[in-house]
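Working notes, beginning with the structure itself.
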Amino acid sequence: MTQDASEPFRALRMVKDEAGIRAEFQTLPLSALPDADTLVRVQYSSLNYKDGLAVAGKPGVLRSYPMTPGIDLAGTVMSCESGRFEPGDAVILTGWGVGERTDGGYAERARVRSEWLVALPPGSTAQWAMSVGTAGFTAMLAVMALEDHGVTPEGGEVLVTGAAGGVGSTAVALLAAAGFNVTASTGRPAEADYLRSLGAATIIGREDLPALKRPLEKERWAGVIDSVGGSTLAGAIASTRTHGAVAACGLAGGSDLPTSVFPFILRGVTLAGIDSVTCPMPRRRAAWDRLARDLPAERLSDVTQLHPLADVPALAQQILAGQVRGRVVIEVG
Ligand code: NDP
């Protein structure tokens, strides 16, 4: 059954015409939504780096126009033709191309495929889910990847790069919750206390990371969660200890990777790629269950700021400038 299905809804739309690409707040009928089996009343979305790129009109994220950005959302099901969910069920959606190839979370309604949806873990709220959001979900997948490759708290220091950002902040908190000795690398020394409050044992400046001068640097990290890419990732790989693992999540500092094969063939280092968008459903559910256990709302309160949808265009500029601390939840509904 569809509740108030005829009501128009508010959306942040990216439009493109002769004047260029711009963000516009529009009121739309439900018929403007894409075809799919499930209608969701969106309560919260979040701001991720990719959303910053999309809303700032940068190429590469939105595949067509007009489009509603917002790569994640949490809300309640209004109707579901597949029968997978009942009206009123609380659900989370991250990835699968929402807010890129199909309309996303910066609108009061979303019509999406039911197989993309994860049930909200018992005892948690839609606002909590979006304070985790795509960035926190990605951090969880990265921690799971390190563990899958044998990185344990007993193995020594684990490095998190881009630590004051969304992926980085939640990675620090998740690793600390799992008992790891976390070193947080940041370009913002003023965030040192914040990172310590999340559980980082050591804070180092971006510029203090062992630079890539040789194919193999002094062994230091048992594991690495990197959201920066470029020479930061290359330097981290070269400083990873024998049989350590590096989870590559992002490219906030660059998409190149100037490394060599030596860390892999002489130290058995594993480079694990993290793709939250197409993560298979069983792993998705496992990640969300663990997030609910290890990162409850009270542990995320210092990491999270809440903003209305109207703030998104300004916030997009801030996240691209590396000025956003932790996670930004967007109140949509
Ligand atoms: P944020 O902007 O919140 O965090 C990125 C952080 O990287 C910044 O806070 C900053 O940390 C650091 N940083 C930014 N610019 C530079 C630079 N030029 N050189 C070195 N460090 C820099 O973004 P998110 O956490 O949302 O995303 C981080 C990355 O992960 C992005 O590239 C994003 O696209 C990617 N991502 C990938 C996903 C996947 O599925 N693989 C899913 C989600 C995100 P500090 O100030 O502490 O130095």
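Identifiers in the structure tokens: chain A, B, ... in order shown; residue index from 1 per chain; ligand index from 1 in order shown.
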At a cut-off of 6 Å around ligand 1, and using only C-alpha atoms and all ligand atoms, what residues come up? Please write them as a PDB file with C-alpha atoms, in the first residue's frame.
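Okay, pocket37.pdb is ready:
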```
ATOM      1  CA  ASN A  48      30.265  11.956   1.144  1.00  0.00           C
ATOM      2  CA  TYR A  49      33.208  13.086  -0.954  1.00  0.00           C
ATOM      3  CA  LYS A  50      31.448  11.794  -4.079  1.00  0.00           C
ATOM      4  CA  THR A 134      28.679   5.258   2.865  1.00  0.00           C
ATOM      5  CA  ALA A 135      31.915   6.507   4.446  1.00  0.00           C
ATOM      6  CA  THR A 138      33.380   1.685   3.629  1.00  0.00           C
ATOM      7  CA  GLY A 162      42.948  11.067   5.780  1.00  0.00           C
ATOM      8  CA  ALA A 163      42.019  10.338   9.383  1.00  0.00           C
ATOM      9  CA  ALA A 164      39.893  13.427  10.102  1.00  0.00           C
ATOM     10  CA  GLY A 165      37.659  12.756   7.079  1.00  0.00           C
ATOM     11  CA  GLY A 166      34.525  10.588   6.978  1.00  0.00           C
ATOM     12  CA  VAL A 167      36.090   7.238   6.060  1.00  0.00           C
ATOM     13  CA  GLY A 168      39.152   7.999   8.206  1.00  0.00           C
ATOM     14  CA  THR A 186      46.067  14.020   9.215  1.00  0.00           C
ATOM     15  CA  GLY A 187      46.848  17.269   7.451  1.00  0.00           C
ATOM     16  CA  ARG A 188      44.916  19.099  10.179  1.00  0.00           C
ATOM     17  CA  SER A 227      41.456   7.077   1.704  1.00  0.00           C
ATOM     18  CA  VAL A 228      44.054   9.391   0.135  1.00  0.00           C
ATOM     19  CA  CYS A 249      39.488   3.040  -0.223  1.00  0.00           C
ATOM     20  CA  GLY A 250      39.837   6.403  -1.907  1.00  0.00           C
ATOM     21  CA  LEU A 251      41.611   9.092  -3.866  1.00  0.00           C
ATOM     22  CA  ALA A 252      41.217  12.304  -1.844  1.00  0.00           C
ATOM     23  CA  GLY A 253      44.885  13.071  -2.604  1.00  0.00           C
ATOM     24  CA  ILE A 274      37.457  -1.674  -1.238  1.00  0.00           C
ATOM     25  CA  ASP A 275      34.354  -1.042  -3.329  1.00  0.00           C
ATOM     26  CA  SER A 276      31.338  -0.221  -1.210  1.00  0.00           C
ATOM     27  CA  VAL A 277      29.066   0.386  -4.220  1.00  0.00           C
ATOM     28  CA  ILE A 319      34.167  18.624   1.675  1.00  0.00           C
ATOM     29  CA  GLY A 322      39.057  18.986   2.908  1.00  0.00           C
ATOM     30  CA  VAL A 324      34.708  18.793   6.753  1.00  0.00           C
TER      31      VAL A 324
END
```
Neighbouring residues of Leu216 of chain A were defined as those with any atom within 9 Å, considering only C-alpha atoms; residues of the same chain fewer than 4 positions away were excluded. Please report them as a PyMOL selection string. chain A and resi 212+235+237-240+260+262-263
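Nearest residue to Arg13 of chain A, choosing from A:Leu195, A:Val42, A:Val160, A:Ala56 and counting only C-alpha atoms: A:Ala56.
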For Leu53 of chain A, which residue out of A:Pro189, A:Gly333, A:Gly88, A:Pro69 is the nearest one, using only C-alpha atoms? A:Pro69
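Taking atom CA of Asp89 of chain A as the reference point, atom CA of Leu73 of chain A is found at 13.8 Å.
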Residues near Pro87 of chain A, cut-off 7 Å, only C-alpha atoms, skip fewer than 2 positions along chain, as a ChimeraX atom specification: /A:1,77-79,85,89
If you keep all heavy atoms, can you produce a file of those selected residues as a PDB file, in the first residue's frame?
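Saved to out37.pdb:
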```pdb
ATOM      1  N   MET A   1       0.841  -1.199   0.000  1.00  0.00           N
ATOM      2  CA  MET A   1       0.000   0.000   0.000  1.00  0.00           C
ATOM      3  C   MET A   1       0.879   1.253   0.000  1.00  0.00           C
ATOM      4  O   MET A   1       1.882   1.303   0.697  1.00  0.00           O
ATOM      5  CB  MET A   1      -0.887  -0.022   1.245  1.00  0.00           C
ATOM      6  CG  MET A   1      -2.126   0.803   1.089  1.00  0.00           C
ATOM      7  SD  MET A   1      -3.033   0.882   2.648  1.00  0.00           S
ATOM      8  CE  MET A   1      -2.017   1.953   3.624  1.00  0.00           C
ATOM      9  N   VAL A  77       9.994   2.229   4.184  1.00  0.00           N
ATOM     10  CA  VAL A  77       9.352   1.756   2.957  1.00  0.00           C
ATOM     11  C   VAL A  77       7.893   2.225   2.958  1.00  0.00           C
ATOM     12  O   VAL A  77       7.183   2.089   3.951  1.00  0.00           O
ATOM     13  CB  VAL A  77       9.426   0.212   2.891  1.00  0.00           C
ATOM     14  CG1 VAL A  77       8.544  -0.342   1.785  1.00  0.00           C
ATOM     15  CG2 VAL A  77      10.875  -0.227   2.709  1.00  0.00           C
ATOM     16  N   MET A  78       7.464   2.810   1.822  1.00  0.00           N
ATOM     17  CA  MET A  78       6.059   3.204   1.667  1.00  0.00           C
ATOM     18  C   MET A  78       5.287   2.139   0.881  1.00  0.00           C
ATOM     19  O   MET A  78       4.125   1.880   1.139  1.00  0.00           O
ATOM     20  CB  MET A  78       5.963   4.554   0.959  1.00  0.00           C
ATOM     21  CG  MET A  78       6.610   5.676   1.765  1.00  0.00           C
ATOM     22  SD  MET A  78       6.609   7.250   0.885  1.00  0.00           S
ATOM     23  CE  MET A  78       4.894   7.719   1.005  1.00  0.00           C
ATOM     24  N   SER A  79       5.958   1.541  -0.108  1.00  0.00           N
ATOM     25  CA  SER A  79       5.346   0.437  -0.850  1.00  0.00           C
ATOM     26  C   SER A  79       6.461  -0.392  -1.464  1.00  0.00           C
ATOM     27  O   SER A  79       7.539   0.147  -1.761  1.00  0.00           O
ATOM     28  CB  SER A  79       4.417   0.968  -1.946  1.00  0.00           C
ATOM     29  OG  SER A  79       5.154   1.695  -2.894  1.00  0.00           O
ATOM     30  N   PHE A  85       9.927  -6.241   1.366  1.00  0.00           N
ATOM     31  CA  PHE A  85       9.733  -5.365   2.529  1.00  0.00           C
ATOM     32  C   PHE A  85       8.260  -5.005   2.658  1.00  0.00           C
ATOM     33  O   PHE A  85       7.515  -5.036   1.670  1.00  0.00           O
ATOM     34  CB  PHE A  85      10.567  -4.078   2.381  1.00  0.00           C
ATOM     35  CG  PHE A  85      12.056  -4.330   2.441  1.00  0.00           C
ATOM     36  CD1 PHE A  85      12.797  -4.515   1.279  1.00  0.00           C
ATOM     37  CD2 PHE A  85      12.721  -4.410   3.660  1.00  0.00           C
ATOM     38  CE1 PHE A  85      14.159  -4.776   1.331  1.00  0.00           C
ATOM     39  CE2 PHE A  85      14.085  -4.670   3.726  1.00  0.00           C
ATOM     40  CZ  PHE A  85      14.803  -4.846   2.556  1.00  0.00           C
ATOM     41  N   ASP A  89       8.681  -0.619   7.063  1.00  0.00           N
ATOM     42  CA  ASP A  89      10.004  -1.180   7.385  1.00  0.00           C
ATOM     43  C   ASP A  89      11.075  -0.101   7.263  1.00  0.00           C
ATOM     44  O   ASP A  89      11.084   0.686   6.303  1.00  0.00           O
ATOM     45  CB  ASP A  89      10.362  -2.323   6.424  1.00  0.00           C
ATOM     46  CG  ASP A  89       9.627  -3.619   6.748  1.00  0.00           C
ATOM     47  OD1 ASP A  89       8.961  -3.674   7.803  1.00  0.00           O
ATOM     48  OD2 ASP A  89       9.721  -4.567   5.933  1.00  0.00           O
TER      49      ASP A  89
END
```
Go through segment 102-226 of chain A and collect every residue that DSSP, computed from the backbone, puts in strand (DSSP E); the answer should be as a PDB file with N, CA, C and O atoms, in the first residue's frame.
```
ATOM      1  N   ARG A 109      11.559  11.565  -1.321  1.00  0.00           N
ATOM      2  CA  ARG A 109      11.142  10.242  -1.787  1.00  0.00           C
ATOM      3  C   ARG A 109      12.220   9.675  -2.700  1.00  0.00           C
ATOM      4  O   ARG A 109      12.873  10.417  -3.444  1.00  0.00           O
ATOM      5  N   ALA A 110      12.359   8.331  -2.653  1.00  0.00           N
ATOM      6  CA  ALA A 110      13.249   7.639  -3.588  1.00  0.00           C
ATOM      7  C   ALA A 110      12.534   6.385  -4.067  1.00  0.00           C
ATOM      8  O   ALA A 110      11.848   5.723  -3.276  1.00  0.00           O
ATOM      9  N   ARG A 111      12.668   6.088  -5.349  1.00  0.00           N
ATOM     10  CA  ARG A 111      12.134   4.809  -5.843  1.00  0.00           C
ATOM     11  C   ARG A 111      13.336   3.981  -6.302  1.00  0.00           C
ATOM     12  O   ARG A 111      14.083   4.392  -7.191  1.00  0.00           O
ATOM     13  N   VAL A 112      13.512   2.822  -5.635  1.00  0.00           N
ATOM     14  CA  VAL A 112      14.743   2.043  -5.797  1.00  0.00           C
ATOM     15  C   VAL A 112      14.420   0.560  -5.885  1.00  0.00           C
ATOM     16  O   VAL A 112      13.291   0.145  -5.630  1.00  0.00           O
ATOM     17  N   VAL A 118      18.994  -2.699   2.717  1.00  0.00           N
ATOM     18  CA  VAL A 118      19.349  -3.470   3.908  1.00  0.00           C
ATOM     19  C   VAL A 118      18.382  -3.032   5.007  1.00  0.00           C
ATOM     20  O   VAL A 118      18.128  -1.837   5.175  1.00  0.00           O
ATOM     21  N   ALA A 119      17.840  -4.001   5.758  1.00  0.00           N
ATOM     22  CA  ALA A 119      16.977  -3.644   6.895  1.00  0.00           C
ATOM     23  C   ALA A 119      17.831  -2.957   7.961  1.00  0.00           C
ATOM     24  O   ALA A 119      18.967  -3.374   8.222  1.00  0.00           O
ATOM     25  N   VAL A 158      48.476   0.064  13.251  1.00  0.00           N
ATOM     26  CA  VAL A 158      47.696   0.178  12.011  1.00  0.00           C
ATOM     27  C   VAL A 158      47.555   1.666  11.682  1.00  0.00           C
ATOM     28  O   VAL A 158      47.212   2.479  12.549  1.00  0.00           O
ATOM     29  N   LEU A 159      47.848   2.008  10.434  1.00  0.00           N
ATOM     30  CA  LEU A 159      47.800   3.410   9.994  1.00  0.00           C
ATOM     31  C   LEU A 159      46.461   3.719   9.332  1.00  0.00           C
ATOM     32  O   LEU A 159      45.977   2.934   8.514  1.00  0.00           O
ATOM     33  N   VAL A 160      45.881   4.873   9.672  1.00  0.00           N
ATOM     34  CA  VAL A 160      44.710   5.388   8.940  1.00  0.00           C
ATOM     35  C   VAL A 160      45.104   6.727   8.342  1.00  0.00           C
ATOM     36  O   VAL A 160      45.520   7.641   9.074  1.00  0.00           O
ATOM     37  N   VAL A 182      46.098   2.298  16.911  1.00  0.00           N
ATOM     38  CA  VAL A 182      45.835   3.084  15.698  1.00  0.00           C
ATOM     39  C   VAL A 182      46.730   4.323  15.637  1.00  0.00           C
ATOM     40  O   VAL A 182      46.778   5.115  16.583  1.00  0.00           O
ATOM     41  N   THR A 183      47.395   4.502  14.493  1.00  0.00           N
ATOM     42  CA  THR A 183      48.103   5.745  14.196  1.00  0.00           C
ATOM     43  C   THR A 183      47.293   6.492  13.150  1.00  0.00           C
ATOM     44  O   THR A 183      46.982   5.949  12.091  1.00  0.00           O
ATOM     45  N   ALA A 184      46.909   7.722  13.470  1.00  0.00           N
ATOM     46  CA  ALA A 184      46.076   8.515  12.566  1.00  0.00           C
ATOM     47  C   ALA A 184      46.943   9.572  11.890  1.00  0.00           C
ATOM     48  O   ALA A 184      47.631  10.333  12.567  1.00  0.00           O
ATOM     49  N   SER A 185      46.892   9.598  10.568  1.00  0.00           N
ATOM     50  CA  SER A 185      47.631  10.619   9.830  1.00  0.00           C
ATOM     51  C   SER A 185      46.650  11.678   9.344  1.00  0.00           C
ATOM     52  O   SER A 185      45.631  11.355   8.730  1.00  0.00           O
ATOM     53  N   THR A 186      46.971  12.936   9.615  1.00  0.00           N
ATOM     54  CA  THR A 186      46.067  14.020   9.215  1.00  0.00           C
ATOM     55  C   THR A 186      46.864  15.233   8.755  1.00  0.00           C
ATOM     56  O   THR A 186      47.976  15.478   9.228  1.00  0.00           O
ATOM     57  N   THR A 202      48.298   7.371  18.378  1.00  0.00           N
ATOM     58  CA  THR A 202      49.370   8.236  17.872  1.00  0.00           C
ATOM     59  C   THR A 202      48.812   9.079  16.730  1.00  0.00           C
ATOM     60  O   THR A 202      48.050   8.578  15.908  1.00  0.00           O
ATOM     61  N   ILE A 203      49.206  10.360  16.708  1.00  0.00           N
ATOM     62  CA  ILE A 203      48.780  11.240  15.598  1.00  0.00           C
ATOM     63  C   ILE A 203      50.045  11.669  14.860  1.00  0.00           C
ATOM     64  O   ILE A 203      51.008  12.118  15.489  1.00  0.00           O
ATOM     65  N   ILE A 204      50.045  11.534  13.543  1.00  0.00           N
ATOM     66  CA  ILE A 204      51.178  12.062  12.779  1.00  0.00           C
ATOM     67  C   ILE A 204      50.667  12.972  11.661  1.00  0.00           C
ATOM     68  O   ILE A 204      49.555  12.781  11.155  1.00  0.00           O
ATOM     69  N   GLY A 205      51.468  13.960  11.311  1.00  0.00           N
ATOM     70  CA  GLY A 205      51.100  14.881  10.243  1.00  0.00           C
ATOM     71  C   GLY A 205      51.227  14.192   8.891  1.00  0.00           C
ATOM     72  O   GLY A 205      52.004  13.246   8.750  1.00  0.00           O
ATOM     73  N   TRP A 221      53.981  -0.558   9.454  1.00  0.00           N
ATOM     74  CA  TRP A 221      52.538  -0.784   9.655  1.00  0.00           C
ATOM     75  C   TRP A 221      52.164  -2.253   9.500  1.00  0.00           C
ATOM     76  O   TRP A 221      52.498  -2.879   8.497  1.00  0.00           O
ATOM     77  N   ALA A 222      51.393  -2.765  10.461  1.00  0.00           N
ATOM     78  CA  ALA A 222      50.829  -4.106  10.304  1.00  0.00           C
ATOM     79  C   ALA A 222      49.684  -4.063   9.292  1.00  0.00           C
ATOM     80  O   ALA A 222      49.428  -5.025   8.575  1.00  0.00           O
ATOM     81  N   GLY A 223      49.012  -2.922   9.258  1.00  0.00           N
ATOM     82  CA  GLY A 223      47.903  -2.737   8.328  1.00  0.00           C
ATOM     83  C   GLY A 223      47.703  -1.258   8.069  1.00  0.00           C
ATOM     84  O   GLY A 223      48.163  -0.411   8.848  1.00  0.00           O
ATOM     85  N   VAL A 224      47.039  -0.957   6.967  1.00  0.00           N
ATOM     86  CA  VAL A 224      46.788   0.442   6.588  1.00  0.00           C
ATOM     87  C   VAL A 224      45.373   0.551   6.035  1.00  0.00           C
ATOM     88  O   VAL A 224      44.935  -0.298   5.251  1.00  0.00           O
ATOM     89  N   ILE A 225      44.648   1.607   6.444  1.00  0.00           N
ATOM     90  CA  ILE A 225      43.395   1.969   5.767  1.00  0.00           C
ATOM     91  C   ILE A 225      43.619   3.340   5.152  1.00  0.00           C
ATOM     92  O   ILE A 225      43.847   4.322   5.865  1.00  0.00           O
ATOM     93  N   ASP A 226      43.590   3.386   3.823  1.00  0.00           N
ATOM     94  CA  ASP A 226      43.966   4.611   3.106  1.00  0.00           C
ATOM     95  C   ASP A 226      42.789   5.163   2.318  1.00  0.00           C
ATOM     96  O   ASP A 226      42.192   4.459   1.506  1.00  0.00           O
TER      97      ASP A 226
END
```
Mind running segment 105-223 of chain A against segment 283-301 of chain A at 9 Å and telling me each contacting residue's nearest atom pair with the distance in Å (one decimal), counting only C-alpha atoms, chain and number ascending, as a tab-separated table?
```
residue	atom	partner	partner_atom	distance
A:Val118	CA	A:Arg285	CA	6.7
A:Ala119	CA	A:Arg285	CA	8.3
A:Leu120	CA	A:Trp288	CA	8.2
A:Pro121	CA	A:Asp289	CA	6.2
A:Pro122	CA	A:Ala292	CA	8.4
A:Gly123	CA	A:Ala292	CA	8.3
A:Ser124	CA	A:Ala292	CA	6.9
A:Thr125	CA	A:Ala297	CA	8.6
A:Gln127	CA	A:Ala297	CA	8.7
A:Trp128	CA	A:Ala297	CA	5.6
A:Ala129	CA	A:Ala292	CA	8.6
A:Ser131	CA	A:Leu300	CA	7.1
A:Val132	CA	A:Leu300	CA	7.9
A:Gly136	CA	A:Leu291	CA	8.3
A:Phe137	CA	A:Ala287	CA	6.9
A:Met140	CA	A:Ala287	CA	6.2
A:Leu141	CA	A:Ala287	CA	6.6
A:Met144	CA	A:Ala287	CA	8.1
A:Thr170	CA	A:Leu300	CA	8.2
A:Ala173	CA	A:Leu295	CA	7.6
A:Leu174	CA	A:Asp294	CA	6.7
A:Ala177	CA	A:Asp294	CA	6.3
A:Ala178	CA	A:Asp294	CA	8.0
A:Leu198	CA	A:Arg299	CA	8.1
```
Would you save the residues from that selection as a CSV table (one decimal), in the first residue's frame, using N, CA, C and O atoms?
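Final file, part.csv:
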```
chain,number,residue,atom,x,y,z
A,118,VAL,N,19.0,-2.7,2.7
A,118,VAL,CA,19.3,-3.5,3.9
A,118,VAL,C,18.4,-3.0,5.0
A,118,VAL,O,18.1,-1.8,5.2
A,119,ALA,N,17.8,-4.0,5.8
A,119,ALA,CA,17.0,-3.6,6.9
A,119,ALA,C,17.8,-3.0,8.0
A,119,ALA,O,19.0,-3.4,8.2
A,120,LEU,N,17.3,-1.9,8.5
A,120,LEU,CA,18.0,-1.2,9.6
A,120,LEU,C,18.2,-2.2,10.8
A,120,LEU,O,17.3,-2.9,11.2
A,121,PRO,N,19.5,-2.3,11.3
A,121,PRO,CA,19.7,-3.3,12.4
A,121,PRO,C,18.8,-2.9,13.6
A,121,PRO,O,18.6,-1.7,13.9
A,122,PRO,N,18.3,-4.0,14.3
A,122,PRO,CA,17.4,-3.7,15.4
A,122,PRO,C,18.1,-2.8,16.4
A,122,PRO,O,19.3,-2.9,16.7
A,123,GLY,N,17.3,-1.9,17.0
A,123,GLY,CA,17.8,-1.0,18.0
A,123,GLY,C,18.5,0.3,17.5
A,123,GLY,O,18.9,1.1,18.3
A,124,SER,N,18.6,0.4,16.2
A,124,SER,CA,19.3,1.6,15.6
A,124,SER,C,18.3,2.5,14.9
A,124,SER,O,17.2,2.1,14.7
A,125,THR,N,18.7,3.7,14.6
A,125,THR,CA,17.8,4.6,14.0
A,125,THR,C,18.3,5.1,12.6
A,125,THR,O,19.5,4.9,12.3
A,127,GLN,N,18.8,8.0,11.6
A,127,GLN,CA,19.9,9.1,11.8
A,127,GLN,C,21.2,8.4,12.1
A,127,GLN,O,22.3,8.8,11.5
A,128,TRP,N,21.2,7.4,12.9
A,128,TRP,CA,22.5,6.7,13.2
A,128,TRP,C,23.0,6.1,11.9
A,128,TRP,O,24.2,6.2,11.6
A,129,ALA,N,22.1,5.5,11.1
A,129,ALA,CA,22.6,4.8,9.9
A,129,ALA,C,23.3,5.8,8.9
A,129,ALA,O,24.3,5.5,8.3
A,131,SER,N,24.7,8.6,10.0
A,131,SER,CA,26.0,9.1,10.6
A,131,SER,C,27.1,8.1,10.3
A,131,SER,O,28.3,8.5,10.2
A,132,VAL,N,26.7,6.9,10.1
A,132,VAL,CA,27.7,5.9,9.5
A,132,VAL,C,27.8,6.2,8.0
A,132,VAL,O,28.9,6.5,7.5
A,136,GLY,N,31.3,5.4,6.5
A,136,GLY,CA,31.5,4.5,7.7
A,136,GLY,C,31.3,3.1,7.2
A,136,GLY,O,32.1,2.2,7.7
A,137,PHE,N,30.4,2.8,6.3
A,137,PHE,CA,30.2,1.4,5.8
A,137,PHE,C,31.5,1.0,5.1
A,137,PHE,O,32.0,-0.1,5.2
A,140,MET,N,34.1,0.2,7.6
A,140,MET,CA,33.9,-1.2,8.1
A,140,MET,C,34.4,-2.3,7.2
A,140,MET,O,35.0,-3.2,7.6
A,141,LEU,N,34.1,-2.1,5.9
A,141,LEU,CA,34.6,-3.1,4.9
A,141,LEU,C,36.1,-3.1,4.9
A,141,LEU,O,36.7,-4.2,4.7
A,144,MET,N,37.3,-5.1,7.9
A,144,MET,CA,37.0,-6.5,7.6
A,144,MET,C,38.0,-7.1,6.6
A,144,MET,O,38.5,-8.2,6.8
A,170,THR,N,35.7,7.2,10.9
A,170,THR,CA,35.0,6.0,11.4
A,170,THR,C,36.0,4.8,11.4
A,170,THR,O,35.9,3.9,12.2
A,173,ALA,N,37.7,4.9,14.7
A,173,ALA,CA,36.8,4.5,15.8
A,173,ALA,C,36.6,3.0,15.8
A,173,ALA,O,36.6,2.3,16.8
A,174,LEU,N,36.4,2.4,14.6
A,174,LEU,CA,36.2,1.0,14.4
A,174,LEU,C,37.4,0.2,14.8
A,174,LEU,O,37.3,-0.9,15.5
A,177,ALA,N,37.8,0.3,18.5
A,177,ALA,CA,36.8,-0.6,19.2
A,177,ALA,C,37.2,-2.1,19.1
A,177,ALA,O,36.9,-2.9,20.0
A,178,ALA,N,38.0,-2.4,18.0
A,178,ALA,CA,38.4,-3.8,17.9
A,178,ALA,C,39.7,-4.1,18.5
A,178,ALA,O,40.3,-5.2,18.4
A,198,LEU,N,38.6,9.6,19.4
A,198,LEU,CA,38.0,8.5,18.7
A,198,LEU,C,38.8,7.2,19.0
A,198,LEU,O,38.3,6.1,18.6
```
Can you tell me, as a ChimeraX atom specification, which residues in segment 123-325 of chain A count as helix (DSSP H, G or I) by DSSP? /A:126-148,153-155,166-177,189-198,206-208,230-238,262-266,281-294,297-300,309-320
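Of the listed residues A:Gly326, A:Pro34, A:Gly155, A:Pro280, the one whose atoms come nearest to Gly95 of chain A is A:Pro280, with distances taken using only C-alpha atoms.
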So which residues touch Ser255 of chain A within 12 Å, counting only C-alpha atoms, skipping near sequence neighbours fewer than 6 positions away, as a PDB file with C-alpha atoms, in the first residue's frame?
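out_32.pdb was written with the following content:
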```
ATOM      1  CA  SER A 227      41.456   7.077   1.704  1.00  0.00           C
ATOM      2  CA  VAL A 228      44.054   9.391   0.135  1.00  0.00           C
ATOM      3  CA  GLY A 229      45.714   7.374  -2.686  1.00  0.00           C
ATOM      4  CA  GLY A 230      48.658   8.736  -4.700  1.00  0.00           C
ATOM      5  CA  SER A 231      52.068   9.012  -3.069  1.00  0.00           C
ATOM      6  CA  THR A 232      50.476   8.625   0.400  1.00  0.00           C
ATOM      7  CA  LEU A 233      49.249   5.147  -0.513  1.00  0.00           C
ATOM      8  CA  ALA A 234      52.522   4.293  -2.249  1.00  0.00           C
ATOM      9  CA  ALA A 248      42.760   1.121  -0.577  1.00  0.00           C
ATOM     10  CA  CYS A 249      39.488   3.040  -0.223  1.00  0.00           C
TER      11      CYS A 249
END
```
Please list as a PyMOL selection string every residue within 8 Å of segment 62-64 of chain A, counting only C-alpha atoms and excluding residues in the same chain fewer than 6 positions away. chain A and resi 54+99-101
Mind writing the picked residues with all heavy atoms as a compact mmCIF listing (two decimals), in the first residue's frame?
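Now in out.txt:
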```txt
# COMPACT_ATOMS: atom_id res chain seq x y z
N ALA A 54 29.57 15.66 -7.02
CA ALA A 54 28.34 15.73 -7.81
C ALA A 54 27.66 17.09 -7.67
O ALA A 54 27.28 17.71 -8.67
CB ALA A 54 27.38 14.62 -7.38
N GLY A 99 22.19 8.13 -6.66
CA GLY A 99 22.87 9.42 -6.61
C GLY A 99 23.99 9.53 -7.63
O GLY A 99 24.79 10.47 -7.57
N GLU A 100 24.07 8.56 -8.55
CA GLU A 100 25.06 8.60 -9.64
C GLU A 100 24.38 8.29 -10.97
O GLU A 100 24.36 9.08 -11.87
CB GLU A 100 26.18 7.57 -9.40
CG GLU A 100 27.00 7.83 -8.17
CD GLU A 100 28.12 6.83 -8.04
OE1 GLU A 100 29.00 6.79 -8.91
OE2 GLU A 100 28.12 6.05 -7.07
N ARG A 101 23.81 7.04 -11.03
CA ARG A 101 23.14 6.60 -12.27
C ARG A 101 21.64 6.72 -12.15
O ARG A 101 20.92 6.68 -13.15
CB ARG A 101 23.45 5.12 -12.53
CG ARG A 101 24.89 4.86 -12.78
CD ARG A 101 25.15 3.36 -12.81
NE ARG A 101 26.56 3.12 -12.79
CZ ARG A 101 27.32 3.15 -13.87
NH1 ARG A 101 26.79 3.37 -15.04
NH2 ARG A 101 28.62 2.96 -13.78
```
Go through A:Tyr194, A:Phe9, A:Trp116, A:Phe25 one by one, measure the shortest atom-to-atom distance of each to Val91 of chain A using only C-alpha atoms, and give the residue with the smallest value. A:Trp116
Nearest to Arg220 of chain A, chosen from A:His307, A:Arg84, A:His243, A:Arg327, with only C-alpha atoms counted in the distances: A:His243
Non-local contacts of Ala247 of chain A (6 Å; only C-alpha atoms; under 5 positions in same chain excluded) as number ranges by chain: A: 142, 225, 272-273
